[in-house]
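Structure file input08.txt (compact mmCIF, C-alpha atoms) follows.
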```txt
# COMPACT_ATOMS: atom_id res chain seq x y z
CA MET A 62 -25.27 92.90 67.10
CA CYS A 63 -28.15 95.30 67.03
CA GLY A 64 -30.18 94.26 64.04
CA ALA A 65 -32.62 91.53 63.22
CA LYS A 66 -32.39 88.26 61.36
CA LYS A 67 -33.67 87.33 57.97
CA GLY A 68 -37.18 86.02 58.14
CA GLY A 69 -38.82 82.76 57.25
CA LEU A 70 -41.92 80.85 58.12
CA ASP A 71 -40.40 77.77 59.73
CA LEU A 72 -41.08 78.06 63.46
CA LYS A 73 -38.69 75.29 64.44
CA GLY A 74 -36.77 76.33 67.53
CA VAL A 75 -39.04 79.31 68.22
CA ASP A 76 -40.89 79.30 71.54
CA VAL A 77 -44.04 81.16 70.54
CA ASP A 78 -45.21 81.21 74.16
CA LYS A 79 -42.25 83.44 75.03
CA GLU A 80 -41.84 85.39 71.80
CA ALA A 81 -44.41 87.72 70.25
CA VAL A 82 -43.66 86.74 66.66
CA ILE A 83 -44.64 88.89 63.70
CA GLN A 84 -43.88 87.31 60.37
CA GLY A 85 -45.09 87.14 56.83
CA GLN A 86 -44.35 87.55 53.17
CA VAL A 87 -44.02 90.45 50.79
CA LEU A 88 -45.78 89.90 47.46
CA ARG A 89 -46.17 91.72 44.17
CA GLY A 90 -49.30 90.15 42.71
CA ASP A 91 -48.71 86.47 43.43
CA GLU A 92 -44.93 86.74 43.20
CA PRO A 93 -42.80 86.89 46.35
CA VAL A 94 -40.50 89.92 46.60
CA GLY A 95 -37.01 89.12 47.86
CA GLY A 96 -34.71 91.96 48.84
CA ALA A 97 -37.50 94.19 50.09
CA TYR A 98 -37.03 95.91 53.45
CA VAL A 99 -39.57 95.60 56.25
CA ARG A 100 -39.33 98.07 59.14
CA LEU A 101 -40.97 97.50 62.51
CA LEU A 102 -42.23 100.76 64.02
CA ASP A 103 -43.57 100.96 67.56
CA ALA A 104 -46.88 102.50 68.66
CA THR A 105 -45.31 105.98 68.57
CA GLY A 106 -43.94 105.42 65.07
CA GLU A 107 -40.37 105.01 66.34
CA PHE A 108 -38.07 102.67 64.42
CA THR A 109 -37.48 99.42 66.29
CA ALA A 110 -36.00 96.99 63.78
CA GLU A 111 -35.64 96.27 60.08
CA VAL A 112 -35.09 93.12 58.06
CA PRO A 113 -34.51 92.42 54.39
CA THR A 114 -36.88 89.78 53.01
CA SER A 115 -35.53 86.38 52.04
CA ALA A 116 -35.49 85.14 48.44
CA THR A 117 -39.01 83.85 49.05
CA GLY A 118 -40.16 87.23 50.32
CA HIS A 119 -40.39 86.16 53.96
CA PHE A 120 -39.60 88.19 57.04
CA ARG A 121 -39.89 87.74 60.82
CA PHE A 122 -39.65 89.87 63.93
CA PHE A 123 -39.53 88.95 67.58
CA ALA A 124 -41.48 91.79 69.14
CA LYS A 125 -43.11 92.62 72.43
CA PRO A 126 -46.88 92.25 72.78
CA GLY A 127 -48.59 95.37 71.50
CA GLU A 128 -49.48 97.37 68.44
CA TRP A 129 -46.93 97.78 65.70
CA THR A 130 -46.64 99.14 62.21
CA LEU A 131 -44.85 97.26 59.44
CA ARG A 132 -43.47 99.61 56.80
CA THR A 133 -42.37 97.82 53.66
CA LEU A 134 -40.00 99.33 51.13
CA ALA A 135 -39.52 97.46 47.88
CA PRO A 136 -37.89 98.34 44.56
CA LYS A 137 -40.23 100.10 42.14
CA ALA A 138 -43.00 100.45 44.74
CA GLU A 139 -44.34 103.02 47.15
CA PRO A 140 -43.84 102.27 50.87
CA VAL A 141 -46.71 100.22 52.33
CA ASP A 142 -47.78 100.45 56.00
CA ARG A 143 -49.64 97.64 57.75
CA GLN A 144 -50.87 97.67 61.34
CA VAL A 145 -50.38 94.51 63.36
CA VAL A 146 -50.95 93.35 66.93
CA ALA A 147 -48.34 91.04 68.45
CA GLN A 148 -48.97 88.77 71.42
CA TYR A 149 -47.38 85.88 73.26
CA GLY A 150 -48.70 82.47 72.29
CA ALA A 151 -49.77 83.44 68.79
CA VAL A 152 -47.91 84.22 65.59
CA ALA A 153 -49.07 87.35 63.78
CA GLU A 154 -48.96 86.43 60.08
CA VAL A 155 -48.97 89.35 57.68
CA ALA A 156 -49.08 89.30 53.90
CA VAL A 157 -47.86 92.59 52.45
CA THR A 158 -48.71 93.42 48.86
CA VAL A 159 -46.63 96.13 47.19
CA MET B 138 -15.43 117.39 57.40
CA SER B 139 -18.59 118.10 55.50
CA ARG B 140 -21.32 116.32 53.61
CA GLU B 141 -19.42 116.95 50.36
CA SER B 142 -16.18 115.35 51.54
CA ALA B 143 -17.65 112.50 53.61
CA LEU B 144 -20.65 111.27 51.66
CA VAL B 145 -21.13 110.08 48.08
CA SER B 146 -24.29 109.26 46.17
CA ALA B 147 -25.06 106.05 44.32
CA ASP B 148 -24.68 107.96 41.05
CA TRP B 149 -21.18 109.02 42.10
CA VAL B 150 -20.31 105.39 42.79
CA GLU B 151 -21.66 104.26 39.41
CA GLU B 152 -19.50 106.90 37.75
CA HIS B 153 -16.30 106.31 39.73
CA LYS B 154 -16.33 102.68 40.81
CA SER B 155 -13.83 101.67 38.16
CA ASP B 156 -11.42 104.54 38.86
CA ALA B 157 -7.94 103.26 39.68
CA ASN B 158 -7.75 105.10 43.00
CA VAL B 159 -11.27 104.28 44.22
CA VAL B 160 -11.74 101.27 46.49
CA LEU B 161 -15.27 100.19 47.38
CA ILE B 162 -15.56 98.26 50.63
CA GLU B 163 -18.68 96.52 51.91
CA VAL B 164 -19.08 96.03 55.67
CA ASP B 165 -22.21 94.24 56.88
CA GLU B 166 -23.67 92.94 60.05
CA ASP B 167 -24.89 89.96 58.04
CA VAL B 168 -21.47 88.91 56.80
CA SER B 169 -22.97 86.58 54.17
CA ALA B 170 -24.66 89.48 52.34
CA TYR B 171 -21.53 90.37 50.37
CA ASP B 172 -21.12 86.86 48.99
CA ALA B 173 -24.69 86.81 47.67
CA GLY B 174 -24.11 90.06 45.80
CA HIS B 175 -22.04 93.23 46.04
CA ILE B 176 -21.32 96.31 44.00
CA ALA B 177 -18.94 95.41 41.17
CA GLY B 178 -15.34 95.70 42.30
CA ALA B 179 -16.12 96.01 46.00
CA ILE B 180 -14.07 94.08 48.54
CA LYS B 181 -15.41 92.95 51.90
CA LEU B 182 -14.37 93.57 55.48
CA ASP B 183 -15.88 91.33 58.13
CA TRP B 184 -16.66 93.51 61.15
CA ARG B 185 -16.10 90.64 63.56
CA ASP B 186 -13.26 88.61 62.04
CA ASP B 187 -11.33 91.42 60.37
CA LEU B 188 -12.02 94.47 62.51
CA GLN B 189 -11.93 93.03 66.04
CA ASP B 190 -9.02 91.69 68.03
CA GLN B 191 -9.72 87.97 68.32
CA VAL B 192 -8.51 87.64 71.92
CA ARG B 193 -9.01 90.85 73.92
CA ARG B 194 -12.14 92.96 73.76
CA ASP B 195 -10.86 95.70 71.51
CA PHE B 196 -10.76 96.44 67.85
CA VAL B 197 -7.70 95.89 65.67
CA ASN B 198 -4.65 97.91 66.65
CA GLN B 199 -2.51 100.04 64.37
CA GLN B 200 -0.34 97.11 63.27
CA GLN B 201 -3.31 94.83 62.67
CA PHE B 202 -5.18 97.51 60.69
CA GLN B 203 -2.06 98.10 58.60
CA GLU B 204 -1.70 94.40 57.84
CA LEU B 205 -5.40 94.03 57.09
CA LEU B 206 -5.47 96.84 54.53
CA SER B 207 -2.14 95.82 52.99
CA GLY B 208 -3.49 92.29 52.50
CA ARG B 209 -6.70 93.58 50.94
CA GLY B 210 -4.87 95.84 48.52
CA VAL B 211 -5.76 99.28 49.85
CA LYS B 212 -3.28 102.15 49.40
CA ASN B 213 -2.90 105.18 51.62
CA ASP B 214 -3.83 107.57 48.83
CA ASP B 215 -6.87 105.61 47.67
CA THR B 216 -10.35 107.07 47.96
CA VAL B 217 -12.11 104.51 50.13
CA VAL B 218 -15.90 104.31 49.79
CA LEU B 219 -17.63 102.27 52.47
CA TYR B 220 -21.16 100.92 52.32
CA GLY B 221 -23.19 98.18 53.93
CA GLY B 222 -26.50 96.88 55.14
CA ASN B 223 -28.46 97.92 58.22
CA ASN B 224 -28.50 101.55 57.15
CA ASN B 225 -24.70 101.68 57.02
CA TRP B 226 -24.18 100.94 60.74
CA PHE B 227 -21.12 98.80 60.27
CA ALA B 228 -19.89 100.82 57.31
CA ALA B 229 -19.98 103.89 59.57
CA TYR B 230 -18.16 101.90 62.22
CA ALA B 231 -15.45 101.02 59.70
CA PHE B 232 -15.38 104.66 58.51
CA TRP B 233 -14.56 105.65 62.09
CA TYR B 234 -11.65 103.16 62.11
CA PHE B 235 -10.29 104.59 58.85
CA LYS B 236 -10.39 108.07 60.37
CA LEU B 237 -8.90 106.83 63.63
CA TYR B 238 -5.94 105.33 61.77
CA GLY B 239 -5.45 108.43 59.65
CA HIS B 240 -6.75 107.48 56.21
CA GLY B 241 -6.88 110.62 54.09
CA ASP B 242 -9.92 110.20 51.85
CA VAL B 243 -12.71 107.98 53.12
CA ARG B 244 -16.40 108.35 52.33
CA LEU B 245 -19.70 106.67 52.96
CA LEU B 246 -22.21 105.71 50.27
CA ASP B 247 -25.42 107.51 51.23
CA GLY B 248 -28.15 104.95 51.88
CA GLY B 249 -25.71 102.03 51.70
CA ARG B 250 -26.84 98.70 50.39
CA LYS B 251 -30.52 99.35 51.00
CA ARG B 252 -30.82 102.44 48.80
CA TRP B 253 -28.73 100.67 46.17
CA GLU B 254 -31.07 97.66 46.20
CA LEU B 255 -34.23 99.74 46.31
CA ASP B 256 -32.97 101.57 43.23
CA SER B 257 -32.58 98.14 41.55
CA ARG B 258 -28.94 98.88 40.87
CA GLU B 259 -26.66 96.04 39.85
CA LEU B 260 -25.03 93.63 42.31
CA THR B 261 -22.64 90.86 41.35
CA ASP B 262 -21.22 87.75 43.04
CA GLU B 263 -18.01 88.03 41.04
CA ALA B 264 -14.89 87.56 43.17
CA VAL B 265 -12.63 90.58 43.57
CA LYS B 266 -8.87 90.29 43.93
CA ARG B 267 -6.60 93.24 44.59
CA GLU B 268 -2.82 93.16 44.65
CA ALA B 269 -1.30 93.45 48.12
CA THR B 270 0.01 96.86 49.12
CA GLU B 271 2.15 98.31 51.87
CA TYR B 272 -0.42 100.29 53.78
CA VAL B 273 0.83 102.46 56.63
CA ALA B 274 -1.61 103.18 59.45
CA ALA B 275 -1.10 106.24 61.63
CA GLU B 276 -1.11 106.29 65.41
CA PRO B 277 -4.73 106.05 66.57
CA ASP B 278 -6.41 109.45 66.76
CA LEU B 279 -7.90 109.29 70.24
CA THR B 280 -9.63 112.63 69.82
CA ILE B 281 -12.50 110.63 68.26
CA ARG B 282 -12.53 107.66 70.67
CA ALA B 283 -13.83 107.80 74.24
CA PHE B 284 -12.93 105.40 77.04
CA ARG B 285 -14.94 104.68 80.17
CA ASP B 286 -13.14 107.01 82.60
CA GLU B 287 -13.71 109.95 80.32
CA VAL B 288 -17.36 108.97 79.95
CA GLY B 289 -17.74 108.94 83.73
CA GLU B 290 -16.23 112.41 83.95
CA ALA B 291 -18.55 113.62 81.19
CA ILE B 292 -21.73 112.97 83.19
CA GLY B 293 -23.45 116.31 83.65
CA VAL B 294 -20.55 118.09 81.92
CA LYS B 295 -20.45 117.10 78.24
CA ASN B 296 -23.19 116.05 75.85
CA LEU B 297 -23.80 112.33 76.21
CA VAL B 298 -25.91 110.92 73.39
CA ASP B 299 -27.50 107.49 73.73
CA VAL B 300 -28.47 106.34 70.24
CA ARG B 301 -30.13 103.03 71.15
CA SER B 302 -33.88 102.44 70.91
CA PRO B 303 -36.06 104.12 73.56
CA ASP B 304 -36.72 100.77 75.28
CA GLU B 305 -33.01 100.03 75.61
CA TYR B 306 -32.43 103.56 76.93
CA ALA B 307 -35.15 103.25 79.55
CA GLY B 308 -33.91 99.86 80.69
CA ARG B 309 -36.98 97.96 79.54
CA LEU B 310 -34.81 95.99 77.13
CA LEU B 311 -31.18 94.90 77.39
CA ALA B 312 -31.07 94.08 73.71
CA PRO B 313 -33.40 93.18 70.89
CA ALA B 314 -35.14 90.04 72.16
CA HIS B 315 -33.84 87.73 69.46
CA LEU B 316 -30.20 88.71 69.97
CA PRO B 317 -29.43 87.59 73.51
CA GLN B 318 -25.65 87.81 73.06
CA GLU B 319 -23.50 90.79 73.98
CA GLN B 320 -25.62 91.86 76.91
CA ALA B 321 -24.63 94.03 79.82
CA GLN B 322 -25.20 93.02 83.43
CA ARG B 323 -27.54 95.92 84.04
CA ALA B 324 -30.13 97.75 81.91
CA GLY B 325 -30.58 101.51 81.67
CA HIS B 326 -28.50 104.44 80.48
CA ILE B 327 -25.66 106.72 81.57
CA PRO B 328 -27.14 109.50 83.73
CA THR B 329 -27.72 112.80 81.87
CA ALA B 330 -27.46 111.13 78.44
CA ALA B 331 -29.98 112.36 75.88
CA SER B 332 -31.98 109.69 74.06
CA ILE B 333 -31.59 110.33 70.33
CA PRO B 334 -32.03 107.04 68.45
CA TRP B 335 -29.68 106.70 65.47
CA SER B 336 -32.71 106.10 63.26
CA LYS B 337 -33.88 109.67 63.65
CA ALA B 338 -30.83 110.77 61.66
CA ALA B 339 -31.78 108.67 58.65
CA ASN B 340 -34.65 108.51 56.19
CA ASP B 341 -36.57 105.26 55.67
CA ASP B 342 -34.33 104.39 52.73
CA GLY B 343 -31.18 104.72 54.86
CA THR B 344 -29.98 108.04 53.41
CA PHE B 345 -29.09 110.76 55.88
CA ARG B 346 -31.47 113.58 56.64
CA SER B 347 -30.54 117.11 55.56
CA ASP B 348 -28.08 119.18 57.61
CA GLU B 349 -30.90 121.46 58.72
CA GLU B 350 -33.05 118.56 59.89
CA LEU B 351 -30.09 117.02 61.70
CA LYS B 352 -29.13 120.23 63.50
CA THR B 353 -32.73 120.65 64.66
CA LEU B 354 -32.93 117.03 65.77
CA TYR B 355 -29.93 117.24 68.10
CA ALA B 356 -30.57 120.77 69.33
CA ASP B 357 -34.20 119.96 70.19
CA ALA B 358 -33.07 116.89 72.12
CA GLY B 359 -30.80 119.02 74.28
CA VAL B 360 -27.40 118.72 72.59
CA ASP B 361 -25.40 121.89 73.23
CA PHE B 362 -23.21 122.36 70.15
CA GLY B 363 -20.86 124.50 72.23
CA LYS B 364 -19.87 121.48 74.31
CA ASP B 365 -17.92 118.30 73.61
CA THR B 366 -20.01 115.24 72.77
CA ILE B 367 -19.72 111.51 73.39
CA ALA B 368 -22.06 109.10 71.58
CA TYR B 369 -22.69 105.52 72.63
CA CYS B 370 -24.99 102.58 71.90
CA ARG B 371 -24.50 98.93 72.82
CA ILE B 372 -21.31 97.90 71.06
CA GLY B 373 -20.37 101.11 69.29
CA GLU B 374 -21.56 100.66 65.73
CA ARG B 375 -24.89 102.51 65.88
CA SER B 376 -23.08 105.30 67.72
CA ALA B 377 -20.46 105.36 64.95
CA HIS B 378 -23.40 106.23 62.67
CA THR B 379 -24.28 109.17 64.95
CA TRP B 380 -20.61 110.11 65.34
CA PHE B 381 -20.49 110.29 61.53
CA VAL B 382 -23.51 112.60 61.49
CA LEU B 383 -22.16 114.97 64.14
CA HIS B 384 -18.47 114.97 63.23
CA GLU B 385 -18.48 114.43 59.48
CA LEU B 386 -21.80 115.77 58.18
CA LEU B 387 -22.33 118.62 60.63
CA GLY B 388 -18.61 119.29 61.12
CA GLN B 389 -18.81 119.38 64.90
CA GLU B 390 -15.43 119.24 66.59
CA ASN B 391 -14.76 117.21 69.72
CA VAL B 392 -17.18 114.40 69.08
CA LYS B 393 -16.14 110.97 70.30
CA ASN B 394 -17.55 107.49 69.88
CA TYR B 395 -17.57 105.42 73.08
CA ASP B 396 -17.22 101.97 71.53
CA GLY B 397 -17.21 100.24 74.91
CA SER B 398 -20.79 101.50 75.00
CA TRP B 399 -23.53 99.90 77.08
CA THR B 400 -22.01 96.42 77.10
CA GLU B 401 -19.10 97.92 79.04
CA TRP B 402 -20.84 100.62 81.10
CA GLY B 403 -23.73 98.35 82.08
CA SER B 404 -21.27 95.77 83.39
CA LEU B 405 -18.94 98.04 85.38
CA VAL B 406 -19.04 97.78 89.15
CA GLY B 407 -20.12 100.90 90.99
CA VAL B 408 -20.88 103.26 88.10
CA PRO B 409 -24.10 105.31 88.09
CA VAL B 410 -27.02 104.06 86.00
CA ALA B 411 -30.30 105.82 85.28
CA LEU B 412 -33.56 104.00 84.57
CA GLY B 413 -36.63 105.26 82.76
CA ASP B 414 -37.29 107.67 79.93
CA GLU B 415 -35.71 110.74 81.56
CA PRO B 416 -31.96 111.50 81.40
CA GLY B 417 -31.60 111.54 85.18
CA GLU B 418 -29.38 113.60 87.47
CA ALA B 419 -25.59 113.85 87.48
```
As structure tokens:
Amino acid sequence: MCGAKKGGLDLKGVDVDKEAVIQGQVLRGDEPVGGAYVRLLDATGEFTAEVPTSATGHFRFFAKPGEWTLRTLAPKAEPVDRQVVAQYGAVAEVAVTV
Amino acid sequence: MSRESALVSADWVEEHKSDANVVLIEVDEDVSAYDAGHIAGAIKLDWRDDLQDQVRRDFVNQQQFQELLSGRGVKNDDTVVLYGGNNNWFAAYAFWYFKLYGHGDVRLLDGGRKRWELDSRELTDEAVKREATEYVAAEPDLTIRAFRDEVGEAIGVKNLVDVRSPDEYAGRLLAPAHLPQEQAQRAGHIPTAASIPWSKAANDDGTFRSDEELKTLYADAGVDFGKDTIAYCRIGERSAHTWFVLHELLGQENVKNYDGSWTEWGSLVGVPVALGDEPGEA
């Protein structure tokens, strides 16, 4: 399969020393947004992966170390871009507000 | 073969989803997505359990496809509308099967599940039951399916289009890091193949770009529309998306999907492999 998994914040089973994890939650105000779509774009803006958010608004990517852009599409909202740096040994946590 | 005959909008689906001769079919990579919610009346095909042979590496044969659609209540003269998640990758893959086995009227919902959800259109978890039919599948149309020997002969001769991500093309990645299954023995690409990621053919919301944008995209990347074309990815579903663009939206003839794709080519003994961002020499 070529896509990515649904996200979540539980890091059980994830070796953060070997995976450059980017994860977070999509929010509208204080409310989590499930069924939003988060796209991972590389440093050149090229599409790399996309995940739908879970019912609790969570998402996760296993990236390579480097600079990335998260583009979030949610119902009744304009797309939101967030820059993020991924690295081995640390989880990049991103809260996206739409 | 045109945008009008191959693609429908969400509004069209809203208007026609209850028509007696219209069958909506959802095909997802995440096979649990349908059960959580689908377009009213839509049935589900599981790309792995329903569409693949469960013993050999191949997809369902003519007989198996016939039995599958008969069991799910699809008739030969139905208008089949396919949609799914992941920007319609697996729906496009299923579309290619329907064409391969000669279904007359099959279409893709532009934007698939994503556009539907982003529009806040209705989804239901209501079970759908259709009466069994006697579907008759045609002999496979191999003018749209490429096998490895033909791919080897196409190096430096036909258009080869690699639709994977740039890192997979260059050989820096065998597969997305979190999906270690279905890997080839070697990384890289087929020499002379142009790198045109599937995603360039779609907008952020999963709908297809305009015909003009698509023609420019492929021409600028070196596709010669006067030549035959073979598209490939890793297991053939992303390249079915590109096959759909070239063959169905742009009406190009002689476009084939190589469903063996990189998992086959990258595991063959003795075949040429190119590394790096350039297509390489024949």
Taking all atoms listed in the file into account, which residues of chain A are within 7 Å of chain B, as a PDB file with C-alpha atoms, keeping the file's coordinate frame?
```pdb
ATOM      1  CA  CYS A  63     -28.150  95.300  67.030  1.00  0.00           C
ATOM      2  CA  PHE A 108     -38.070 102.670  64.420  1.00  0.00           C
ATOM      3  CA  THR A 109     -37.480  99.420  66.290  1.00  0.00           C
ATOM      4  CA  PHE A 123     -39.530  88.950  67.580  1.00  0.00           C
ATOM      5  CA  ALA A 135     -39.520  97.460  47.880  1.00  0.00           C
ATOM      6  CA  PRO A 136     -37.890  98.340  44.560  1.00  0.00           C
TER       7      PRO A 136
END
```
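Nearest to Ala156 of chain A of all the residues A:Asp78, A:Asp142, A:Glu128, A:Asp103 is A:Asp142, based on only C-alpha atoms.
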Anything within 9 Å of (-36.5, 99.4, 62.8): list those residues as JSON, numbers by chain, counting all atoms listed in the file and sticking to the file's coordinates. {"A": [64, 65, 99, 100, 101, 102, 103, 107, 108, 109, 110, 111, 112], "B": [336]}
Write to file, as a tab-separated table (two decimals), in the frame of the given file, the residues of the selection just made, with C-alpha atoms.
```tsv
chain	number	residue	atom	x	y	z
A	64	GLY	CA	-30.18	94.26	64.04
A	65	ALA	CA	-32.62	91.53	63.22
A	99	VAL	CA	-39.57	95.60	56.25
A	100	ARG	CA	-39.33	98.07	59.14
A	101	LEU	CA	-40.97	97.50	62.51
A	102	LEU	CA	-42.23	100.76	64.02
A	103	ASP	CA	-43.57	100.96	67.56
A	107	GLU	CA	-40.37	105.01	66.34
A	108	PHE	CA	-38.07	102.67	64.42
A	109	THR	CA	-37.48	99.42	66.29
A	110	ALA	CA	-36.00	96.99	63.78
A	111	GLU	CA	-35.64	96.27	60.08
A	112	VAL	CA	-35.09	93.12	58.06
B	336	SER	CA	-32.71	106.10	63.26
```
Of B:Val406, B:Ala307, B:Ala157, B:Ala173, the one sitting nearest Asp214 of chain B when using all atoms listed in the file is B:Ala157
Taking 2 positions as the minimum chain separation for residues in the same chain, which residues sit within 6 Å of Gln84 of chain A when counting all atoms listed in the file? Answer as a ChimeraX atom specification. /A:120-121,154
